[in-house]
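Below is the file my_file21.cif, which contains mmCIF, C-alpha atoms.
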data_data
#
loop_
_atom_site.label_atom_id
_atom_site.label_comp_id
_atom_site.auth_asym_id
_atom_site.auth_seq_id
_atom_site.Cartn_x
_atom_site.Cartn_y
_atom_site.Cartn_z
CA MET A 249 0.00 0.00 0.00
CA GLU A 250 2.89 2.33 0.69
CA LEU A 251 4.30 1.46 -2.73
CA THR A 252 0.90 2.37 -4.20
CA PHE A 253 1.21 5.81 -2.66
CA TYR A 254 4.65 6.43 -4.12
CA ILE A 255 3.69 5.20 -7.60
CA ALA A 256 0.55 7.35 -7.59
CA ALA A 257 2.56 10.35 -6.38
CA ALA A 258 5.09 9.88 -9.19
CA VAL A 259 2.28 9.62 -11.74
CA ALA A 260 0.67 12.77 -10.35
CA ILE A 261 3.88 14.79 -10.55
CA LEU A 262 4.78 13.53 -14.03
CA SER A 263 1.33 14.18 -15.47
CA THR A 264 1.21 17.65 -13.88
CA VAL A 265 4.57 18.44 -15.49
CA MET A 266 3.09 17.30 -18.79
CA VAL A 267 0.07 19.58 -18.18
CA ILE A 268 2.18 22.69 -17.71
CA THR A 269 4.45 21.98 -20.69
CA ARG A 270 1.85 21.16 -23.36
CA TYR A 271 1.09 23.62 -26.13
CA ASN A 272 -2.22 22.04 -27.12
CA MET A 273 -4.99 22.70 -24.60
CA ILE A 274 -6.83 19.42 -25.13
CA HIS A 275 -3.65 17.41 -24.57
CA ALA A 276 -3.01 19.37 -21.38
CA LEU A 277 -6.54 18.66 -20.15
CA LEU A 278 -6.20 14.93 -20.80
CA TYR A 279 -2.99 14.90 -18.75
CA LEU A 280 -4.87 16.89 -16.11
CA VAL A 281 -7.45 14.10 -15.87
CA VAL A 282 -4.61 11.61 -15.29
CA SER A 283 -3.18 13.89 -12.62
CA PHE A 284 -6.52 14.13 -10.80
CA LEU A 285 -7.00 10.37 -10.96
CA ALA A 286 -3.52 9.85 -9.48
CA VAL A 287 -4.33 12.29 -6.67
CA ALA A 288 -7.54 10.33 -6.08
CA VAL A 289 -5.43 7.19 -5.60
CA VAL A 290 -3.28 9.14 -3.14
CA PHE A 291 -6.44 10.10 -1.22
CA PHE A 292 -7.43 6.45 -1.11
CA THR A 293 -4.08 5.38 0.31
CA LEU A 294 -4.36 8.16 2.88
CA GLY A 295 -7.58 6.68 4.19
CA ALA A 296 -10.09 9.05 2.62
CA PRO A 297 -12.05 6.88 0.15
CA PHE A 298 -15.06 9.20 -0.04
CA MET A 299 -12.83 12.11 -0.98
CA ALA A 300 -11.21 9.94 -3.66
CA ALA A 301 -14.66 9.38 -5.16
CA LEU A 302 -15.44 13.10 -4.99
CA GLU A 303 -12.13 13.90 -6.69
CA VAL A 304 -12.95 11.59 -9.58
CA ILE A 305 -16.55 12.77 -9.91
CA ILE A 306 -16.14 16.51 -9.51
CA TYR A 307 -12.57 17.35 -10.53
CA ALA A 308 -11.89 14.75 -13.22
CA GLY A 309 -15.52 14.61 -14.24
CA ALA A 310 -17.34 17.90 -13.96
CA ILE A 311 -14.66 20.58 -13.96
CA VAL A 312 -12.48 19.16 -16.74
CA VAL A 313 -15.51 18.43 -18.93
CA LEU A 314 -16.68 22.02 -18.40
CA ILE A 315 -13.30 23.36 -19.55
CA ILE A 316 -13.29 21.00 -22.55
CA PHE A 317 -16.73 22.26 -23.62
CA VAL A 318 -15.58 25.87 -23.39
CA ILE A 319 -12.49 25.05 -25.48
CA MET A 320 -14.75 23.43 -28.06
CA MET A 321 -16.78 26.65 -28.19
CA LEU A 322 -13.65 28.71 -28.84
CA ASN A 323 -12.66 26.90 -32.09
CA MET A 324 -8.96 26.49 -31.43
CA THR A 325 -6.83 25.81 -34.51
CA GLN A 326 -3.28 24.75 -35.21
CA GLU A 327 -2.26 28.41 -35.33
CA ASP A 328 -3.23 28.83 -31.69
CA VAL A 329 -0.97 25.92 -30.78
CA GLN A 330 1.88 27.56 -32.72
CA ARG A 331 1.28 30.86 -30.94
CA GLU A 332 1.26 29.10 -27.59
CA LYS A 333 4.66 27.67 -28.56
CA GLU A 334 5.93 31.16 -29.36
CA TRP A 335 4.67 32.48 -26.02
CA LEU A 336 6.45 29.79 -24.05
CA GLN A 337 10.12 30.62 -24.72
CA PRO A 338 12.77 29.54 -22.20
CA ALA A 339 13.47 33.23 -21.48
CA THR A 340 9.88 33.45 -20.21
CA TRP A 341 9.76 30.47 -17.93
CA VAL A 342 13.28 30.09 -16.54
CA GLY A 343 13.05 32.97 -14.06
CA PRO A 344 9.73 32.09 -12.38
CA ALA A 345 10.63 28.40 -12.41
CA ILE A 346 13.93 28.96 -10.60
CA LEU A 347 12.38 31.27 -8.02
CA SER A 348 9.50 28.85 -7.36
CA ALA A 349 11.99 26.00 -7.08
CA VAL A 350 13.87 27.97 -4.42
CA LEU A 351 10.62 28.38 -2.47
CA LEU A 352 9.91 24.66 -2.84
CA ALA A 353 13.41 23.84 -1.58
CA GLU A 354 12.74 25.93 1.52
CA LEU A 355 9.43 24.14 2.03
CA VAL A 356 11.13 20.74 1.69
CA TYR A 357 13.74 21.82 4.22
CA ILE A 358 11.10 22.97 6.70
CA VAL A 359 9.05 19.79 6.37
CA VAL A 360 12.04 17.46 6.58
CA ALA A 361 13.82 19.32 9.36
CA ALA A 362 10.68 19.51 11.51
CA ASP A 363 10.75 17.06 14.37
CA THR A 364 7.68 14.99 13.59
CA PRO A 365 6.92 11.73 15.33
CA ALA A 366 7.10 8.59 13.23
CA ALA A 367 3.99 7.93 11.21
CA GLY A 368 1.68 5.29 12.59
CA ALA A 369 -0.66 3.16 10.57
CA VAL A 370 -3.09 5.07 8.43
CA VAL A 371 -6.55 4.93 9.99
CA ALA A 372 -9.33 5.54 7.51
CA VAL A 373 -11.74 8.33 8.42
CA ASP A 374 -14.82 7.04 6.68
CA ALA A 375 -17.67 9.02 5.23
CA LYS A 376 -19.91 8.53 8.26
CA PHE A 377 -17.75 10.68 10.54
CA VAL A 378 -17.26 13.25 7.80
CA GLY A 379 -21.02 13.52 7.34
CA LEU A 380 -21.65 13.74 11.08
CA ALA A 381 -19.13 16.56 11.45
CA LEU A 382 -20.31 18.26 8.25
CA PHE A 383 -23.92 18.54 9.42
CA GLY A 384 -22.98 19.07 13.06
CA PRO A 385 -20.40 21.72 13.88
CA TYR A 386 -19.84 22.72 10.25
CA ILE A 387 -23.48 23.31 9.30
CA LEU A 388 -22.82 27.03 8.83
CA GLY A 389 -20.11 26.21 6.31
CA VAL A 390 -22.52 23.99 4.40
CA GLN A 391 -25.03 26.83 4.18
CA LEU A 392 -22.34 29.26 3.12
CA SER A 393 -21.21 26.93 0.33
CA GLY A 394 -24.82 26.71 -0.78
CA ILE A 395 -24.89 30.50 -1.04
CA LEU A 396 -21.55 30.41 -2.87
CA LEU A 397 -22.85 27.90 -5.41
CA THR A 398 -25.98 29.98 -5.97
CA ALA A 399 -23.84 33.05 -6.53
CA GLY A 400 -21.70 31.00 -8.93
CA ILE A 401 -24.74 29.92 -10.95
CA VAL A 402 -26.17 33.42 -11.12
CA GLY A 403 -22.78 34.93 -11.93
CA ALA A 404 -22.00 32.42 -14.64
CA TYR A 405 -25.43 32.91 -16.20
CA HIS A 406 -25.13 36.68 -16.12
CA LEU A 407 -21.57 36.80 -17.45
CA GLY A 408 -21.99 34.08 -20.04
CA ARG A 409 -25.08 35.60 -21.63
CA GLN A 410 -24.53 36.87 -25.15
CA LYS A 411 -25.56 40.45 -25.65
CA LYS A 412 -28.16 40.86 -28.36
CA LYS A 413 -26.86 42.81 -31.30
CA VAL A 414 -29.03 45.88 -31.79
CA ILE A 415 -29.17 46.83 -35.45
CA HIS A 416 -31.16 49.76 -36.71
CA ARG A 417 -34.14 48.64 -38.76
CA PHE A 418 -32.85 50.46 -41.81
CA LEU A 419 -29.56 48.57 -41.62
CA GLN A 420 -31.46 45.37 -40.95
CA GLU A 421 -33.39 45.73 -44.21
CA ARG A 422 -30.19 46.44 -46.08
CA SER A 423 -28.42 43.40 -44.65
CA ALA A 424 -31.46 41.26 -45.51
CA ALA A 425 -31.39 42.57 -49.05
CA ALA A 426 -27.66 42.01 -49.47
CA MET B 69 -5.31 -3.13 5.53
CA SER B 70 -2.84 -1.28 7.69
CA THR B 71 -0.54 1.04 5.84
CA THR B 72 2.12 3.49 6.83
CA VAL B 73 2.41 6.42 4.49
CA SER B 74 4.90 8.94 5.75
CA MET B 75 3.18 12.28 6.21
CA GLU B 76 6.31 14.14 5.10
CA ALA B 77 6.17 12.47 1.68
CA ALA B 78 2.49 13.30 1.28
CA LEU B 79 3.04 16.93 2.31
CA LEU B 80 5.96 17.18 -0.10
CA LEU B 81 3.74 15.83 -2.88
CA ALA B 82 1.25 18.60 -2.12
CA GLY B 83 4.06 21.16 -2.13
CA ILE B 84 5.45 19.96 -5.46
CA LEU B 85 2.02 19.99 -7.11
CA PHE B 86 1.38 23.48 -5.75
CA MET B 87 4.73 24.69 -7.08
CA LEU B 88 4.01 23.24 -10.54
CA GLY B 89 0.69 25.07 -10.63
CA LEU B 90 2.35 28.27 -9.43
CA ILE B 91 5.02 28.08 -12.15
CA SER B 92 2.37 27.47 -14.78
CA VAL B 93 0.23 30.40 -13.68
CA LEU B 94 3.31 32.62 -13.78
CA ILE B 95 4.65 31.63 -17.19
CA ARG B 96 1.48 31.21 -19.26
CA ARG B 97 -0.18 33.97 -21.25
CA ASN B 98 -3.20 31.91 -22.30
CA ILE B 99 -6.07 32.58 -19.88
CA ILE B 100 -7.44 29.03 -20.04
CA PHE B 101 -4.04 27.62 -19.09
CA MET B 102 -3.92 30.03 -16.15
CA LEU B 103 -7.34 28.77 -15.01
CA ILE B 104 -6.15 25.15 -15.28
CA SER B 105 -3.09 26.04 -13.19
CA VAL B 106 -5.27 27.55 -10.50
CA GLU B 107 -7.21 24.27 -10.44
CA ILE B 108 -3.93 22.37 -9.95
CA MET B 109 -3.01 24.65 -7.04
CA LEU B 110 -6.43 24.27 -5.39
CA ASN B 111 -6.17 20.51 -5.74
CA ALA B 112 -2.74 20.52 -4.10
CA THR B 113 -4.13 22.56 -1.20
CA GLY B 114 -6.92 20.06 -0.74
CA LEU B 115 -4.35 17.27 -0.69
CA ALA B 116 -2.50 19.04 2.13
CA PHE B 117 -5.76 19.28 4.11
CA ILE B 118 -6.47 15.56 3.60
CA VAL B 119 -2.95 14.72 4.78
CA ALA B 120 -3.48 16.77 7.92
CA GLY B 121 -6.85 15.12 8.53
CA THR B 122 -5.26 11.69 8.22
CA ARG B 123 -2.42 12.60 10.54
CA TRP B 124 -4.77 13.46 13.41
CA VAL B 125 -7.52 10.96 12.44
CA GLN B 126 -10.10 13.74 12.38
CA PRO B 127 -12.77 14.45 9.75
CA ASP B 128 -12.01 18.19 9.64
CA GLY B 129 -9.44 17.89 6.86
CA GLN B 130 -11.88 16.10 4.58
CA ILE B 131 -14.54 18.71 5.34
CA MET B 132 -12.15 21.46 4.31
CA PHE B 133 -11.52 19.50 1.11
CA ILE B 134 -15.27 19.45 0.40
CA PHE B 135 -15.40 23.22 0.87
CA ILE B 136 -12.40 23.69 -1.44
CA LEU B 137 -14.12 21.47 -4.00
CA THR B 138 -17.27 23.61 -3.82
CA MET B 139 -15.24 26.77 -4.19
CA ALA B 140 -13.32 25.35 -7.16
CA ALA B 141 -16.55 24.40 -8.92
CA ALA B 142 -18.05 27.87 -8.46
CA GLU B 143 -14.76 29.51 -9.42
CA VAL B 144 -14.33 27.55 -12.62
CA SER B 145 -17.87 28.24 -13.82
CA VAL B 146 -17.58 31.99 -13.26
CA GLY B 147 -14.04 31.99 -14.68
CA LEU B 148 -15.09 30.20 -17.85
CA ALA B 149 -17.99 32.62 -18.34
CA LEU B 150 -15.50 35.49 -18.02
CA ILE B 151 -13.16 33.80 -20.51
CA LEU B 152 -16.01 33.45 -23.01
CA GLN B 153 -16.82 37.14 -22.65
CA ILE B 154 -13.17 38.14 -23.08
CA TYR B 155 -12.87 35.94 -26.15
CA HIS B 156 -15.98 37.40 -27.73
CA GLN B 157 -14.84 40.96 -27.09
CA LEU B 158 -11.14 40.67 -27.90
CA LYS B 159 -11.07 37.64 -30.24
CA THR B 160 -8.01 36.32 -28.41
CA LEU B 161 -7.12 34.41 -25.26
CA ASP B 162 -4.01 36.51 -24.61
CA SER B 163 -4.22 37.80 -21.06
CA ASP B 164 -2.02 40.77 -22.02
CA ALA B 165 -4.73 41.96 -24.40
CA ALA B 166 -7.18 42.41 -21.52
CA ASN B 167 -5.41 45.38 -19.97
CA PHE B 168 -8.28 47.84 -20.06
CA MET B 169 -11.51 47.99 -18.10
CA LYS B 170 -13.94 49.60 -20.46
CA GLY B 171 -16.43 46.86 -19.78
#

How does the structure come out when it is put into structure tokens?
Amino acid sequence: MELTFYIAAAVAILSTVMVITRYNMIHALLYLVVSFLAVAVVFFTLGAPFMAALEVIIYAGAIVVLIIFVIMMLNMTQEDVQREKEWLQPATWVGPAILSAVLLAELVYIVVAADTPAAGAVVAVDAKFVGLALFGPYILGVQLSGILLTAGIVGAYHLGRQKKKVIHRFLQERSAAA
Amino acid sequence: MSTTVSMEAALLLAGILFMLGLISVLIRRNIIFMLISVEIMLNATGLAFIVAGTRWVQPDGQIMFIFILTMAAAEVSVGLALILQIYHQLKTLDSDAANFMKG
């Protein structure tokens, strides 16, 4: 089981690297699905099977499919892939990558140097306790996320609506005639 | 099924995934790629919460992950609607082109 964790972690890191280096958006999204599935396996090995299911359903299912549909609406062509390639020159990404790597090195140092007790066996926290806590002490958070989702629906509807083109009736007749 | 996954390794995995998302959101100019990178970062944060919940055998970490999931779903829907609007107005996905706020 520990080996499962390490293999899934390696798959997650590799596929995420592939996501951030692709030029084609659809290829990147397919690697993103693999990354989310690997993280779901990691959740499972960490004793959170319900969260693994949610990761597959919502992240790998709903969110990625939503992005894919929007990309299909945008009519990407081969030229867009070429332009993406032009945008991603080494001069662009070397600086941020090095600085972020320095921050990651510090984080690794802090985590490794911290005096943590040896890990015991992983005890699964199953969905029953999560549900009891969710609708017990965290009920306010549940209501707030309901409000957030409502705001998300209303906001997405309002922003995504196409404005009607208003053409003067004289121009309308002319365009109909032409 | 007793397993011992070292918490350091799991936290480091979350840190590496977060860093990859951060690099991608810094270096990309395509707005959709930036949105994908934000999703990667949110996912890494959720992983850190799950690790903490496992370490103390408490459900709180998983509850925080559910909240992050809700937030990510709302964020991606509003973000994609904004991207569609930007694309219809500017005919490009270049984030540098959206440097005015004329509405």

### Query
Hey, what's within 12 Å of B:Thr160 if we count all atoms listed in the file and toss same-chain stuff fewer than 3 positions away? As a PyMOL selection string, please?
(chain A and resi 322-324+327-328+331-332) or (chain B and resi 97-100+151-157+163-166)

### Task
Using the chain letters and numbering of this document, enumerate as number ranges by chain the residues selected by the PyMOL selection byres ((chain A) within 6 of (chain B)).
A: 249-250, 268, 341, 345, 367, 369-370, 378, 397, 400, 404, 407-408

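The space between atom CA of A:Leu294 and atom CA of A:Val373 spans 9.2 Å.
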
### Message
What does the structure give for the distance between atom CA of A:Gln391 and atom CA of A:Gly403, in Å to one decimal?
### Response
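Rounded to one decimal, the two atoms are 18.2 Å apart.
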
### Task
List, as a PyMOL selection string, every residue that the PyMOL selection byres ((chain A and resi 279) around 9) selects in the file provided.
chain A and resi 263-267+274-278+280-284

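The interatomic distance for the pair atom CA of A:His406 and atom CA of B:Val106 works out to 22.6 Å.
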
### Task
Return the single residue from A:Leu336, A:Leu302, A:Val329, A:Ala288 that is closest to A:Thr269, with distances computed using all atoms listed in the file.
A:Leu336

Repaired coordinates for stretch 305-320 of chain A (N, CA and C atoms) as a PDB file, in the frame of the given file:
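This is the output file result.pdb:
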ATOM      1  N   ILE A 305     -15.278  12.319  -9.359  1.00  0.00           N
ATOM      2  CA  ILE A 305     -16.550  12.770  -9.910  1.00  0.00           C
ATOM      3  C   ILE A 305     -16.501  14.253 -10.248  1.00  0.00           C
ATOM      4  N   ILE A 306     -16.024  15.066  -9.314  1.00  0.00           N
ATOM      5  CA  ILE A 306     -16.140  16.510  -9.510  1.00  0.00           C
ATOM      6  C   ILE A 306     -14.951  17.078 -10.272  1.00  0.00           C
ATOM      7  N   TYR A 307     -13.718  16.770  -9.823  1.00  0.00           N
ATOM      8  CA  TYR A 307     -12.570  17.350 -10.530  1.00  0.00           C
ATOM      9  C   TYR A 307     -12.406  16.714 -11.909  1.00  0.00           C
ATOM     10  N   ALA A 308     -12.169  15.395 -11.936  1.00  0.00           N
ATOM     11  CA  ALA A 308     -11.890  14.750 -13.220  1.00  0.00           C
ATOM     12  C   ALA A 308     -13.135  14.671 -14.082  1.00  0.00           C
ATOM     13  N   GLY A 309     -14.309  14.674 -13.454  1.00  0.00           N
ATOM     14  CA  GLY A 309     -15.520  14.610 -14.240  1.00  0.00           C
ATOM     15  C   GLY A 309     -16.020  15.980 -14.615  1.00  0.00           C
ATOM     16  N   ALA A 310     -16.592  16.683 -13.646  1.00  0.00           N
ATOM     17  CA  ALA A 310     -17.340  17.900 -13.960  1.00  0.00           C
ATOM     18  C   ALA A 310     -16.451  19.034 -14.440  1.00  0.00           C
ATOM     19  N   ILE A 311     -15.410  19.360 -13.671  1.00  0.00           N
ATOM     20  CA  ILE A 311     -14.660  20.580 -13.960  1.00  0.00           C
ATOM     21  C   ILE A 311     -13.923  20.462 -15.294  1.00  0.00           C
ATOM     22  N   VAL A 312     -13.250  19.306 -15.500  1.00  0.00           N
ATOM     23  CA  VAL A 312     -12.480  19.160 -16.740  1.00  0.00           C
ATOM     24  C   VAL A 312     -13.407  19.128 -17.950  1.00  0.00           C
ATOM     25  N   VAL A 313     -14.567  18.468 -17.810  1.00  0.00           N
ATOM     26  CA  VAL A 313     -15.510  18.430 -18.930  1.00  0.00           C
ATOM     27  C   VAL A 313     -16.023  19.836 -19.239  1.00  0.00           C
ATOM     28  N   LEU A 314     -16.241  20.634 -18.187  1.00  0.00           N
ATOM     29  CA  LEU A 314     -16.680  22.020 -18.400  1.00  0.00           C
ATOM     30  C   LEU A 314     -15.635  22.785 -19.195  1.00  0.00           C
ATOM     31  N   ILE A 315     -14.351  22.637 -18.822  1.00  0.00           N
ATOM     32  CA  ILE A 315     -13.300  23.360 -19.550  1.00  0.00           C
ATOM     33  C   ILE A 315     -13.215  22.867 -20.990  1.00  0.00           C
ATOM     34  N   ILE A 316     -13.372  21.547 -21.185  1.00  0.00           N
ATOM     35  CA  ILE A 316     -13.290  21.000 -22.550  1.00  0.00           C
ATOM     36  C   ILE A 316     -14.419  21.573 -23.413  1.00  0.00           C
ATOM     37  N   PHE A 317     -15.628  21.706 -22.837  1.00  0.00           N
ATOM     38  CA  PHE A 317     -16.730  22.260 -23.620  1.00  0.00           C
ATOM     39  C   PHE A 317     -16.451  23.702 -23.999  1.00  0.00           C
ATOM     40  N   VAL A 318     -15.884  24.475 -23.058  1.00  0.00           N
ATOM     41  CA  VAL A 318     -15.580  25.870 -23.390  1.00  0.00           C
ATOM     42  C   VAL A 318     -14.524  25.938 -24.487  1.00  0.00           C
ATOM     43  N   ILE A 319     -13.510  25.054 -24.427  1.00  0.00           N
ATOM     44  CA  ILE A 319     -12.490  25.050 -25.480  1.00  0.00           C
ATOM     45  C   ILE A 319     -13.106  24.688 -26.818  1.00  0.00           C
ATOM     46  N   MET A 320     -14.087  23.768 -26.806  1.00  0.00           N
ATOM     47  CA  MET A 320     -14.750  23.430 -28.060  1.00  0.00           C
ATOM     48  C   MET A 320     -15.529  24.621 -28.602  1.00  0.00           C
TER      49      MET A 320
END
